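Visitor: Dropping in structure35.txt, which is compact mmCIF, C-alpha atoms and all ligand atoms:
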# COMPACT_ATOMS: atom_id res chain seq x y z
CA MET A 1 -4.03 31.00 -120.30
CA PHE A 2 -6.31 29.74 -123.09
CA PHE A 3 -4.03 26.72 -123.50
CA GLU A 4 -4.16 25.90 -119.77
CA ILE A 5 -7.95 26.14 -119.64
CA THR A 6 -8.27 23.90 -122.69
CA CYS A 7 -5.97 21.33 -121.09
CA ILE A 8 -7.92 21.36 -117.83
CA LEU A 9 -11.24 20.99 -119.64
CA ALA A 10 -9.88 18.14 -121.76
CA ALA A 11 -8.58 16.41 -118.64
CA ILE A 12 -11.98 16.75 -116.94
CA VAL A 13 -13.79 15.34 -119.99
CA ILE A 14 -11.38 12.41 -120.33
CA GLY A 15 -11.56 11.75 -116.58
CA ALA A 16 -15.37 11.72 -116.67
CA LEU A 17 -15.37 9.44 -119.72
CA TYR A 18 -12.89 7.13 -118.02
CA PHE A 19 -15.16 6.90 -114.97
CA LEU A 20 -18.31 6.40 -117.06
CA THR A 21 -16.85 3.73 -119.34
CA LYS A 22 -14.95 1.87 -116.62
CA GLN A 23 -18.12 0.55 -115.08
CA ASN A 24 -19.14 -0.80 -118.48
CA LYS A 25 -15.87 -2.63 -118.95
CA ARG A 26 -16.53 -6.21 -119.96
CA GLU A 27 -14.54 -9.33 -119.35
CA LYS A 28 -12.96 -10.70 -122.52
CA ILE A 29 -14.03 -14.25 -123.32
CA ASP A 30 -13.05 -16.88 -125.83
CA PHE A 31 -15.11 -19.46 -127.69
CA HIS A 32 -13.19 -22.58 -126.74
CA GLY A 33 -15.47 -25.04 -124.93
CA LYS A 34 -18.44 -22.63 -124.99
CA HIS A 35 -21.87 -23.71 -126.22
CA VAL A 36 -22.70 -21.36 -129.09
CA VAL A 37 -26.11 -21.38 -130.80
CA ILE A 38 -26.27 -19.74 -134.23
CA THR A 39 -29.67 -19.17 -135.79
CA GLY A 40 -29.64 -19.10 -139.58
CA GLY A 41 -26.26 -20.88 -139.45
CA SER A 42 -26.87 -22.83 -142.65
CA SER A 43 -26.33 -19.95 -145.10
CA GLY A 44 -24.48 -16.67 -145.63
CA ILE A 45 -23.20 -14.80 -142.57
CA GLY A 46 -24.50 -17.53 -140.23
CA TYR A 47 -22.68 -20.24 -142.19
CA ASP A 48 -19.36 -18.42 -141.80
CA LEU A 49 -20.13 -17.75 -138.13
CA SER A 50 -20.67 -21.48 -137.57
CA ILE A 51 -17.41 -22.41 -139.30
CA GLU A 52 -15.37 -19.82 -137.41
CA ALA A 53 -16.92 -20.74 -134.03
CA ALA A 54 -16.18 -24.43 -134.68
CA ARG A 55 -12.59 -23.59 -135.65
CA GLN A 56 -12.22 -21.74 -132.37
CA GLY A 57 -13.24 -24.86 -130.47
CA ALA A 58 -16.84 -24.06 -129.51
CA HIS A 59 -19.68 -26.57 -129.26
CA VAL A 60 -21.74 -25.34 -132.19
CA SER A 61 -25.52 -25.68 -132.52
CA VAL A 62 -27.09 -24.49 -135.75
CA ILE A 63 -30.76 -23.63 -136.11
CA ALA A 64 -32.60 -23.12 -139.44
CA ARG A 65 -35.60 -24.61 -141.25
CA ASN A 66 -34.31 -26.49 -144.30
CA ARG A 67 -32.93 -29.91 -143.24
CA ASP A 68 -30.78 -30.48 -146.33
CA LYS A 69 -28.90 -27.21 -145.82
CA LEU A 70 -28.57 -28.03 -142.11
CA ASN A 71 -27.08 -31.45 -142.88
CA GLU A 72 -24.62 -29.81 -145.29
CA VAL A 73 -23.30 -27.39 -142.69
CA LYS A 74 -23.18 -30.19 -140.13
CA LYS A 75 -20.85 -32.18 -142.42
CA VAL A 76 -18.59 -29.16 -142.90
CA LEU A 77 -18.41 -28.54 -139.15
CA GLU A 78 -17.71 -32.22 -138.45
CA ASP A 79 -14.82 -32.05 -140.92
CA ILE A 80 -13.36 -29.10 -139.05
CA ARG A 81 -13.69 -31.02 -135.80
CA LYS A 82 -12.04 -34.08 -137.33
CA LYS A 83 -9.06 -32.05 -138.54
CA ALA A 84 -8.66 -30.61 -135.05
CA GLY A 85 -8.87 -34.11 -133.56
CA THR A 86 -11.60 -33.07 -131.15
CA GLU A 87 -14.34 -35.56 -132.15
CA ASP A 88 -14.71 -36.74 -128.55
CA SER A 89 -14.87 -33.36 -126.89
CA GLN A 90 -16.53 -30.94 -129.34
CA ILE A 91 -20.26 -31.18 -129.95
CA ILE A 92 -21.79 -30.21 -133.31
CA GLN A 93 -25.59 -30.32 -133.65
CA ILE A 94 -28.42 -29.01 -135.78
CA GLU A 95 -32.11 -28.29 -135.12
CA SER A 96 -34.76 -27.64 -137.72
CA VAL A 97 -37.30 -25.12 -136.46
CA ASP A 98 -39.03 -22.06 -137.83
CA ILE A 99 -38.15 -19.43 -135.19
CA SER A 100 -40.89 -17.11 -136.42
CA LYS A 101 -43.81 -19.45 -135.81
CA SER A 102 -44.08 -20.69 -132.23
CA PHE A 103 -42.38 -19.90 -128.95
CA GLU A 104 -43.12 -23.40 -127.62
CA ASP A 105 -41.44 -25.13 -130.59
CA THR A 106 -38.47 -22.77 -130.49
CA LYS A 107 -38.02 -23.25 -126.75
CA ALA A 108 -38.26 -27.03 -127.12
CA ALA A 109 -35.51 -26.94 -129.80
CA PHE A 110 -33.26 -24.96 -127.42
CA GLU A 111 -33.97 -27.45 -124.63
CA ARG A 112 -32.88 -30.35 -126.83
CA LEU A 113 -29.69 -28.50 -127.76
CA ALA A 114 -28.89 -27.71 -124.12
CA LYS A 115 -29.48 -31.33 -123.12
CA ASN A 116 -26.62 -32.45 -125.39
CA ALA A 117 -24.15 -29.60 -125.12
CA GLY A 118 -25.02 -27.97 -121.80
CA PRO A 119 -26.63 -24.58 -121.18
CA VAL A 120 -26.15 -22.00 -123.92
CA ASP A 121 -23.25 -19.63 -123.24
CA ILE A 122 -23.53 -17.56 -126.41
CA LEU A 123 -26.57 -17.00 -128.63
CA ILE A 124 -26.17 -15.41 -132.05
CA ASN A 125 -29.55 -14.21 -133.39
CA ASN A 126 -28.63 -14.12 -137.05
CA ALA A 127 -31.59 -15.73 -138.87
CA GLY A 128 -33.36 -13.07 -140.83
CA THR A 129 -34.69 -12.14 -144.19
CA SER A 130 -35.37 -9.07 -146.29
CA LYS A 131 -37.91 -7.88 -148.81
CA CYS A 132 -37.49 -4.70 -150.77
CA ALA A 133 -40.42 -2.78 -152.26
CA GLU A 134 -42.00 0.64 -152.20
CA PHE A 135 -44.47 1.00 -149.34
CA SER A 136 -47.56 1.22 -151.54
CA GLU A 137 -46.56 -1.86 -153.53
CA ALA A 138 -45.31 -4.04 -150.66
CA PRO A 139 -47.89 -6.68 -149.73
CA ILE A 140 -49.06 -6.32 -146.15
CA GLN A 141 -47.79 -9.87 -145.51
CA ASP A 142 -44.21 -8.63 -145.98
CA PHE A 143 -44.57 -6.28 -143.02
CA GLU A 144 -45.91 -9.13 -140.90
CA GLU A 145 -43.36 -11.69 -142.07
CA LEU A 146 -40.29 -9.47 -141.59
CA MET A 147 -41.43 -8.47 -138.12
CA ARG A 148 -41.98 -12.12 -137.22
CA VAL A 149 -38.67 -13.45 -138.54
CA ASN A 150 -36.33 -10.51 -137.82
CA TYR A 151 -37.81 -9.37 -134.52
CA ILE A 152 -40.18 -11.91 -132.90
CA GLY A 153 -37.86 -14.80 -133.88
CA GLY A 154 -35.06 -13.09 -131.95
CA VAL A 155 -37.36 -12.62 -128.96
CA TYR A 156 -38.33 -16.34 -128.95
CA CYS A 157 -34.70 -17.50 -129.12
CA THR A 158 -33.47 -15.01 -126.54
CA LYS A 159 -36.31 -15.86 -124.15
CA SER A 160 -35.26 -19.50 -124.47
CA VAL A 161 -31.77 -18.81 -123.09
CA ILE A 162 -31.97 -15.80 -120.75
CA PRO A 163 -33.36 -17.65 -117.69
CA SER A 164 -30.47 -20.14 -117.61
CA MET A 165 -27.93 -17.38 -118.35
CA LYS A 166 -29.32 -15.41 -115.42
CA SER A 167 -29.07 -18.32 -113.04
CA ARG A 168 -25.50 -19.08 -114.18
CA LYS A 169 -24.56 -15.41 -114.16
CA PHE A 170 -22.96 -15.70 -117.57
CA GLY A 171 -24.04 -15.10 -121.14
CA ARG A 172 -23.54 -13.25 -124.38
CA VAL A 173 -26.32 -12.58 -126.88
CA LEU A 174 -25.80 -10.93 -130.26
CA PHE A 175 -28.48 -9.71 -132.64
CA VAL A 176 -27.71 -9.15 -136.31
CA SER A 177 -29.41 -5.91 -137.31
CA SER A 178 -28.19 -3.97 -140.38
CA GLN A 179 -27.05 -0.49 -141.40
CA ALA A 180 -30.67 -0.29 -142.56
CA GLY A 181 -31.53 -0.75 -138.86
CA GLN A 182 -29.77 2.56 -138.13
CA ILE A 183 -31.19 4.71 -140.88
CA GLY A 184 -34.38 4.16 -142.86
CA ILE A 185 -33.85 4.07 -146.59
CA PHE A 186 -36.01 3.86 -149.72
CA GLY A 187 -37.59 0.43 -150.29
CA TYR A 188 -36.97 -0.80 -146.75
CA THR A 189 -40.11 0.38 -144.91
CA ALA A 190 -40.82 -3.19 -143.76
CA TYR A 191 -37.19 -4.33 -143.37
CA SER A 192 -35.82 -1.25 -141.58
CA ALA A 193 -38.71 -1.25 -139.11
CA SER A 194 -38.06 -4.89 -138.17
CA LYS A 195 -34.37 -4.12 -137.58
CA PHE A 196 -35.01 -0.84 -135.70
CA ALA A 197 -37.26 -2.87 -133.37
CA LEU A 198 -34.21 -4.82 -132.25
CA ARG A 199 -32.57 -1.62 -131.03
CA GLY A 200 -35.33 -0.94 -128.51
CA LEU A 201 -35.26 -4.54 -127.39
CA VAL A 202 -31.52 -4.71 -126.79
CA GLU A 203 -31.22 -1.36 -125.01
CA ALA A 204 -33.91 -2.30 -122.53
CA LEU A 205 -32.72 -5.89 -122.17
CA GLN A 206 -29.08 -4.88 -121.61
CA MET A 207 -30.11 -2.66 -118.72
CA GLU A 208 -32.01 -5.56 -117.15
CA VAL A 209 -29.39 -8.28 -117.50
CA LYS A 210 -26.20 -6.35 -116.76
CA PRO A 211 -26.29 -7.31 -113.05
CA TYR A 212 -26.27 -10.96 -114.18
CA ASN A 213 -23.05 -10.59 -116.18
CA ILE A 214 -24.94 -10.99 -119.46
CA TYR A 215 -23.81 -8.77 -122.31
CA ILE A 216 -25.75 -7.96 -125.45
CA THR A 217 -24.33 -6.88 -128.79
CA LEU A 218 -26.15 -5.30 -131.71
CA SER A 219 -24.44 -5.77 -135.06
CA PHE A 220 -24.91 -3.46 -138.06
CA PRO A 221 -23.48 -5.02 -141.24
CA PRO A 222 -23.58 -3.22 -144.60
CA ASP A 223 -24.60 -5.15 -147.76
CA THR A 224 -22.93 -8.55 -147.52
CA ASP A 225 -22.39 -11.05 -150.31
CA THR A 226 -24.59 -14.01 -149.29
CA PRO A 227 -27.28 -16.23 -150.87
CA GLY A 228 -29.87 -14.07 -149.09
CA PHE A 229 -28.38 -10.90 -150.59
CA LYS A 230 -28.39 -12.41 -154.09
CA GLU A 231 -32.05 -13.32 -153.71
CA GLU A 232 -32.92 -9.87 -152.38
CA ASN A 233 -31.22 -8.30 -155.40
CA LEU A 234 -33.60 -10.05 -157.81
CA THR A 235 -36.41 -7.73 -156.78
CA LYS A 236 -34.53 -4.76 -155.29
CA CYS A 237 -35.66 -1.24 -156.15
CA GLU A 238 -33.05 0.69 -158.15
CA GLU A 239 -33.04 3.46 -155.53
CA THR A 240 -32.31 0.97 -152.75
CA ARG A 241 -29.50 -0.61 -154.74
CA ILE A 242 -27.76 2.68 -155.50
CA ILE A 243 -28.15 4.02 -151.95
CA SER A 244 -26.95 0.77 -150.36
CA GLU A 245 -23.97 0.57 -152.71
CA SER A 246 -22.67 3.80 -151.20
CA SER A 247 -21.79 1.75 -148.14
CA GLY A 248 -20.01 -1.01 -150.09
CA LEU A 249 -20.31 -4.78 -150.19
CA SER A 250 -18.68 -6.93 -147.51
CA ALA A 251 -17.59 -10.55 -147.62
CA SER A 252 -19.58 -12.70 -145.21
CA LYS A 253 -16.35 -14.18 -143.79
CA ASP A 254 -15.24 -10.68 -142.73
CA VAL A 255 -18.62 -9.87 -141.23
CA ALA A 256 -18.59 -13.17 -139.32
CA LYS A 257 -15.10 -12.45 -137.95
CA GLY A 258 -16.15 -8.97 -136.82
CA ILE A 259 -19.23 -10.36 -135.11
CA LEU A 260 -17.27 -12.98 -133.16
CA GLN A 261 -14.65 -10.41 -132.18
CA SER A 262 -17.26 -8.05 -130.76
CA ILE A 263 -18.91 -10.87 -128.77
CA LYS A 264 -15.52 -11.69 -127.26
CA LYS A 265 -14.99 -8.10 -126.23
CA GLY A 266 -18.61 -7.67 -125.13
CA ASN A 267 -19.07 -4.46 -127.14
CA PHE A 268 -22.62 -3.10 -127.27
CA PHE A 269 -22.35 -2.08 -130.92
CA ASN A 270 -20.60 -4.00 -133.67
CA TYR A 271 -19.93 -1.93 -136.79
CA PHE A 272 -17.92 -2.30 -139.98
CA GLY A 273 -15.60 0.29 -141.48
CA ILE A 274 -15.62 4.05 -141.31
CA ASN A 275 -19.25 4.32 -142.50
CA GLY A 276 -20.25 1.91 -139.77
CA PHE A 277 -18.41 3.96 -137.16
CA LEU A 278 -20.03 7.20 -138.34
CA LEU A 279 -23.49 5.61 -138.34
CA CYS A 280 -23.01 4.32 -134.79
CA THR A 281 -21.82 7.73 -133.64
CA LEU A 282 -24.72 9.43 -135.37
CA THR A 283 -27.27 7.10 -133.78
CA ALA A 284 -25.54 6.57 -130.42
CA GLY A 285 -28.48 7.97 -128.46
CA ALA A 286 -28.30 6.50 -124.96
CA ALA A 287 -26.50 3.30 -125.90
CA PRO A 288 -23.85 2.15 -123.42
CA VAL A 289 -20.20 2.57 -124.42
CA THR A 290 -17.79 -0.08 -123.26
CA ASN A 291 -14.41 1.54 -123.69
CA LEU A 292 -12.71 4.89 -123.35
CA LYS A 293 -11.40 5.01 -126.92
CA ASP A 294 -14.86 4.58 -128.47
CA ALA A 295 -16.43 7.08 -126.07
CA PHE A 296 -13.76 9.66 -126.83
CA LEU A 297 -13.95 9.18 -130.60
CA GLU A 298 -17.75 9.36 -130.50
CA ILE A 299 -17.79 12.63 -128.61
CA MET A 300 -15.18 14.18 -130.87
CA THR A 301 -16.90 13.15 -134.11
CA LEU A 302 -20.61 13.51 -133.30
CA PRO A 303 -21.12 16.90 -135.01
CA LEU A 304 -19.10 15.70 -137.98
CA ALA A 305 -21.25 12.57 -138.30
CA ARG A 306 -24.38 14.73 -138.32
CA LEU A 307 -22.91 16.95 -141.00
CA VAL A 308 -21.93 13.96 -143.15
CA ALA A 309 -25.43 12.51 -142.66
CA LEU A 310 -27.09 15.68 -143.90
CA GLY A 311 -24.87 15.70 -146.98
CA LEU A 312 -25.69 12.04 -147.49
CA LEU A 313 -29.43 12.68 -147.23
CA PHE A 314 -29.12 15.34 -149.88
CA ASN A 315 -27.37 12.83 -152.11
CA PHE A 316 -29.98 10.10 -151.41
CA ASP A 317 -32.80 12.54 -152.19
CA SER A 318 -31.24 13.34 -155.55
CA ILE A 319 -30.89 9.62 -156.34
CA VAL A 320 -34.61 9.17 -155.57
CA LYS A 321 -35.46 12.23 -157.67
CA SER A 322 -33.54 11.07 -160.72
CA CYS A 323 -35.02 7.54 -160.51
CA HIS A 324 -38.45 9.14 -160.19
CA LYS A 325 -37.87 11.22 -163.32
CA LYS A 326 -36.81 8.10 -165.24
CA LYS A 327 -39.97 6.27 -164.15
CA VAL A 328 -42.25 9.18 -165.13
CA LYS A 329 -40.55 9.33 -168.54
CA SER A 330 -40.96 5.63 -169.26
CA ASN A 331 -44.66 5.64 -168.32
N1 LIG B 401 -26.64 -10.04 -146.62
C1 LIG B 401 -26.78 -8.77 -146.33
O1 LIG B 401 -26.62 -7.88 -147.19
C2 LIG B 401 -27.10 -8.36 -144.94
C3 LIG B 401 -27.74 -9.20 -144.06
N2 LIG B 401 -28.06 -8.77 -142.81
C4 LIG B 401 -28.74 -9.66 -141.87
O2 LIG B 401 -27.87 -10.75 -141.59
C5 LIG B 401 -28.61 -11.92 -141.32
C6 LIG B 401 -28.15 -13.05 -142.23
O3 LIG B 401 -28.31 -12.64 -143.56
P1 LIG B 401 -27.78 -13.53 -144.81
O4 LIG B 401 -26.59 -14.28 -144.39
O5 LIG B 401 -27.74 -12.62 -145.96
O6 LIG B 401 -29.04 -14.51 -144.97
P2 LIG B 401 -29.29 -15.83 -145.84
O7 LIG B 401 -30.62 -15.65 -146.49
O8 LIG B 401 -28.14 -16.17 -146.70
O9 LIG B 401 -29.44 -16.94 -144.69
C7 LIG B 401 -30.48 -16.84 -143.78
C8 LIG B 401 -30.41 -17.97 -142.77
O10 LIG B 401 -31.49 -17.84 -141.84
C9 LIG B 401 -32.29 -19.01 -141.85
N3 LIG B 401 -33.68 -18.62 -141.60
C10 LIG B 401 -34.41 -17.73 -142.32
N4 LIG B 401 -35.67 -17.66 -141.83
C11 LIG B 401 -35.72 -18.50 -140.77
C12 LIG B 401 -36.75 -18.87 -139.87
N5 LIG B 401 -37.97 -18.35 -139.94
N6 LIG B 401 -36.47 -19.78 -138.90
C13 LIG B 401 -35.23 -20.31 -138.82
N7 LIG B 401 -34.23 -20.00 -139.65
C14 LIG B 401 -34.47 -19.12 -140.62
C15 LIG B 401 -32.05 -19.62 -143.24
O11 LIG B 401 -32.27 -21.02 -143.30
P3 LIG B 401 -33.71 -21.64 -143.76
O12 LIG B 401 -34.18 -20.85 -144.93
O13 LIG B 401 -33.41 -23.08 -144.06
O14 LIG B 401 -34.58 -21.50 -142.56
C16 LIG B 401 -30.56 -19.33 -143.41
O15 LIG B 401 -29.79 -20.28 -142.71
C17 LIG B 401 -30.08 -11.53 -141.52
O16 LIG B 401 -30.63 -11.21 -140.27
C18 LIG B 401 -30.00 -10.29 -142.40
O17 LIG B 401 -31.11 -9.45 -142.24
C19 LIG B 401 -27.73 -7.53 -142.37
C20 LIG B 401 -27.09 -6.65 -143.19
C21 LIG B 401 -26.72 -7.00 -144.55
C1 LIG B 402 -22.90 9.60 -141.28
C2 LIG B 402 -22.99 8.29 -141.82
C3 LIG B 402 -22.33 8.00 -143.14
C4 LIG B 402 -22.39 6.57 -143.52
C5 LIG B 402 -22.94 6.22 -144.86
C6 LIG B 402 -23.79 5.02 -144.81
C7 LIG B 402 -24.73 4.84 -145.94
C8 LIG B 402 -25.87 3.96 -145.52
C9 LIG B 402 -26.37 3.07 -146.57
C10 LIG B 402 -27.35 2.07 -146.02
C11 LIG B 402 -26.95 0.69 -146.37
C12 LIG B 402 -28.02 -0.28 -146.06
C13 LIG B 402 -27.52 -1.69 -146.24
C14 LIG B 402 -28.59 -2.68 -145.93
C15 LIG B 402 -28.06 -4.07 -145.99
C16 LIG B 402 -29.11 -5.06 -145.68
O1 LIG B 402 -29.51 -5.18 -144.56
C17 LIG B 402 -29.69 -5.88 -146.77
N1 LIG B 402 -28.80 -6.12 -147.82
C18 LIG B 402 -30.21 -7.17 -146.21
O2 LIG B 402 -30.23 -8.23 -147.10
So that I can check it, write out the structure of this file as structure tokens.
Guide:
Amino acid sequence: MFFEITCILAAIVIGALYFLTKQNKREKIDFHGKHVVITGGSSGIGYDLSIEAARQGAHVSVIARNRDKLNEVKKVLEDIRKKAGTEDSQIIQIESVDISKSFEDTKAAFERLAKNAGPVDILINNAGTSKCAEFSEAPIQDFEELMRVNYIGGVYCTKSVIPSMKSRKFGRVLFVSSQAGQIGIFGYTAYSASKFALRGLVEALQMEVKPYNIYITLSFPPDTDTPGFKEENLTKCEETRIISESSGLSASKDVAKGILQSIKKGNFFNYFGINGFLLCTLTAGAAPVTNLKDAFLEIMTLPLARLVALGLLFNFDSIVKSCHKKKVKSN
């Protein structure tokens, strides 16, 4: 009897999940012939995103500030195009603009890009930066700068493409957040807040644009070996370094591949590895789920994720405590 009841309950749960995820099912797309804009495509994760998108036959537009770095990536992308023999049909272009400064300038850059390669099909909001410091030591400008680059910059770029995506009833937009955009950790008061802000933006935006066949993805990479990461490490708090290391270091090529894959599938969340899965489950909240497998796994592992998180917090607290002791001693 117990067995039968369990089976019936399981069937009801799976049936309900099937119904609830079916309406979120997204059409799989590929990059060939699509106009893809990658912000911050001249370095790190963005650089590998640009290369991979070009290899997959997309028209690639790269946005960043520094013109020398932009010209370098342009050359690399043109080489890829040459090898593929698609010089006549594949557009590669760059735009130098600071996405954190002015909506008008950012919008104008997007208009120039669309003039050459057609309306934007896929926008990857990757440009971003990080500063690590304890709250009381962090200059107030860091809070303002990180919010402007990591959050407002994404708003400017996304606002530049959503109207045309809506009228064409097609579009994919990805935002690169971070595992530090899922949980707040020591040293990241300014950084985490700027990445958490993206979560509110994308949840609300996804609800608005779903009827227009526009799908949004939020990506949560762990530490990734990039020029930006190396620079961040020069001034990183010891606590932040040790805590972050517990989630490993990824190669930017792998992160780029994962990002492109999740855009193709139209997943709402893009995570990396088992830690990434547990963090997404832990922080699922009211985020949409796009397939039955993910929904099922989430529901089965939610209490476990919470338990692991509490254990983790205990561990993080003891890291902070021992670093604190060291500092007191040396003073
Ligand atoms: N590396 C890591 O450990 C992790 C990174 N992330 C996130 O991934 C994204 C990429 O990081 P990563 O590859 O390490 O970064 P990098 O610092 O290596 O590259 C950043 C890119 O963004 C561009 N950029 C920065 N600020 C602006 C701006 N105001 N306007 C236009 N372009 C800008 C840079 O070009 P230029 O300076 O010429 O403008 C560069 O092309 C960021 O959003 C970061 O927060 C998330 C998790 C982990
Ligand atoms: C139940 C869950 C268990 C999972 C364990 C996860 C541990 C979280 C560690 C946080 C890592 C933060 C990396 C920030 C990377 C980043 O954004 C910067 N490097 C940017 O430059």
Visitor: Out of A:Pro139, A:Ser192, A:Ile259, A:Ser177, which residue has the shortest atom-to-atom distance to Phe220 of chain A when counting all atoms listed in the file?
Guide: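 Between A:Pro139, A:Ser192, A:Ile259, A:Ser177, the residue approaching Phe220 of chain A most closely is A:Ser177.
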Visitor: Given only C-alpha atoms as the basis, pick out the residue of A:Asn315, A:Thr224, A:Ser244, A:Asn291 nearest to Phe272 of chain A.
Guide: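 The shortest atom-to-atom distance to Phe272 of chain A comes from A:Thr224.
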Visitor: When you count all atoms listed in the file, which of these residues is closest to Arg168 of chain A: A:Phe19, A:Phe277, A:Tyr212, A:Phe316?
Guide: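 Nearest to Arg168 of chain A: A:Tyr212.
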Visitor: Restricting the calculation to all atoms listed in the file, which member of A:Thr235, A:Gly128, A:Ile263, A:Val255 is positioned closest to Val173 of chain A?
Guide: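 Of A:Thr235, A:Gly128, A:Ile263, A:Val255, the one nearest Val173 of chain A, counting all atoms listed in the file, is A:Ile263.
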Visitor: Pick out the residues no farther than 7 Å from ligand LIG 401 (chain B), counting all atoms listed in the file, and list them as a PyMOL selection string.
Guide: chain A and resi 39-46+63-67+69+97-100+126-130+149-150+176-179+220-229
Visitor: Considering only C-alpha atoms, can you say which of A:Tyr188, A:Phe31, A:Tyr271, A:Tyr215 comes closest to Glu137 of chain A?
Guide: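 The closest residue to Glu137 of chain A is A:Tyr188.
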Visitor: Check the smallest atom-to-atom distance from each of A:Ile12, A:Leu282, A:Leu146, A:Ile92 to ligand LIG 402 (chain B) using all atoms listed in the file, then report the winner.
Guide: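 Smallest separation from ligand LIG 402 (chain B) among the options: A:Leu282.
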Visitor: Can you work out the spacing between atom CA of Leu279 of chain A and atom CA of Asn125 of chain A in Å, to one decimal?
Guide: 21.3 Å
Visitor: Output as a PDB file, keeping the file's coordinate frame: segment 60-78 of chain A, completed with N, CA and C atoms.
Guide:
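result_15.pdb, written as the output of this step:
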ATOM      1  N   VAL A  60     -20.915 -26.176-131.313  1.00  0.00           N
ATOM      2  CA  VAL A  60     -21.740 -25.340-132.190  1.00  0.00           C
ATOM      3  C   VAL A  60     -23.099 -25.981-132.461  1.00  0.00           C
ATOM      4  N   SER A  61     -24.162 -25.241-132.187  1.00  0.00           N
ATOM      5  CA  SER A  61     -25.520 -25.680-132.520  1.00  0.00           C
ATOM      6  C   SER A  61     -26.097 -24.737-133.559  1.00  0.00           C
ATOM      7  N   VAL A  62     -26.552 -25.310-134.673  1.00  0.00           N
ATOM      8  CA  VAL A  62     -27.090 -24.490-135.750  1.00  0.00           C
ATOM      9  C   VAL A  62     -28.601 -24.696-135.871  1.00  0.00           C
ATOM     10  N   ILE A  63     -29.310 -23.581-135.941  1.00  0.00           N
ATOM     11  CA  ILE A  63     -30.760 -23.630-136.110  1.00  0.00           C
ATOM     12  C   ILE A  63     -31.140 -23.010-137.458  1.00  0.00           C
ATOM     13  N   ALA A  64     -32.000 -23.683-138.207  1.00  0.00           N
ATOM     14  CA  ALA A  64     -32.600 -23.120-139.440  1.00  0.00           C
ATOM     15  C   ALA A  64     -33.770 -24.032-139.783  1.00  0.00           C
ATOM     16  N   ARG A  65     -34.440 -23.770-140.914  1.00  0.00           N
ATOM     17  CA  ARG A  65     -35.600 -24.610-141.250  1.00  0.00           C
ATOM     18  C   ARG A  65     -35.215 -25.779-142.156  1.00  0.00           C
ATOM     19  N   ASN A  66     -34.573 -25.479-143.269  1.00  0.00           N
ATOM     20  CA  ASN A  66     -34.310 -26.490-144.300  1.00  0.00           C
ATOM     21  C   ASN A  66     -33.300 -27.551-143.830  1.00  0.00           C
ATOM     22  N   ARG A  67     -33.764 -28.834-143.785  1.00  0.00           N
ATOM     23  CA  ARG A  67     -32.930 -29.910-143.240  1.00  0.00           C
ATOM     24  C   ARG A  67     -31.726 -30.244-144.120  1.00  0.00           C
ATOM     25  N   ASP A  68     -31.900 -30.148-145.440  1.00  0.00           N
ATOM     26  CA  ASP A  68     -30.780 -30.480-146.330  1.00  0.00           C
ATOM     27  C   ASP A  68     -29.616 -29.510-146.107  1.00  0.00           C
ATOM     28  N   LYS A  69     -29.968 -28.207-146.039  1.00  0.00           N
ATOM     29  CA  LYS A  69     -28.900 -27.210-145.820  1.00  0.00           C
ATOM     30  C   LYS A  69     -28.271 -27.405-144.430  1.00  0.00           C
ATOM     31  N   LEU A  70     -29.092 -27.797-143.464  1.00  0.00           N
ATOM     32  CA  LEU A  70     -28.570 -28.030-142.110  1.00  0.00           C
ATOM     33  C   LEU A  70     -27.591 -29.211-142.112  1.00  0.00           C
ATOM     34  N   ASN A  71     -27.965 -30.282-142.836  1.00  0.00           N
ATOM     35  CA  ASN A  71     -27.080 -31.450-142.880  1.00  0.00           C
ATOM     36  C   ASN A  71     -25.763 -31.116-143.592  1.00  0.00           C
ATOM     37  N   GLU A  72     -25.853 -30.226-144.601  1.00  0.00           N
ATOM     38  CA  GLU A  72     -24.620 -29.810-145.290  1.00  0.00           C
ATOM     39  C   GLU A  72     -23.662 -29.100-144.352  1.00  0.00           C
ATOM     40  N   VAL A  73     -24.194 -28.143-143.591  1.00  0.00           N
ATOM     41  CA  VAL A  73     -23.300 -27.390-142.690  1.00  0.00           C
ATOM     42  C   VAL A  73     -22.787 -28.308-141.591  1.00  0.00           C
ATOM     43  N   LYS A  74     -23.612 -29.255-141.181  1.00  0.00           N
ATOM     44  CA  LYS A  74     -23.180 -30.190-140.130  1.00  0.00           C
ATOM     45  C   LYS A  74     -21.939 -30.961-140.598  1.00  0.00           C
ATOM     46  N   LYS A  75     -21.991 -31.430-141.856  1.00  0.00           N
ATOM     47  CA  LYS A  75     -20.850 -32.180-142.420  1.00  0.00           C
ATOM     48  C   LYS A  75     -19.590 -31.319-142.413  1.00  0.00           C
ATOM     49  N   VAL A  76     -19.746 -30.068-142.845  1.00  0.00           N
ATOM     50  CA  VAL A  76     -18.590 -29.160-142.900  1.00  0.00           C
ATOM     51  C   VAL A  76     -18.003 -28.957-141.500  1.00  0.00           C
ATOM     52  N   LEU A  77     -18.882 -28.775-140.525  1.00  0.00           N
ATOM     53  CA  LEU A  77     -18.410 -28.540-139.150  1.00  0.00           C
ATOM     54  C   LEU A  77     -17.755 -29.802-138.576  1.00  0.00           C
ATOM     55  N   GLU A  78     -18.307 -30.970-138.932  1.00  0.00           N
ATOM     56  CA  GLU A  78     -17.710 -32.220-138.450  1.00  0.00           C
ATOM     57  C   GLU A  78     -16.315 -32.436-139.043  1.00  0.00           C
TER      58      GLU A  78
END
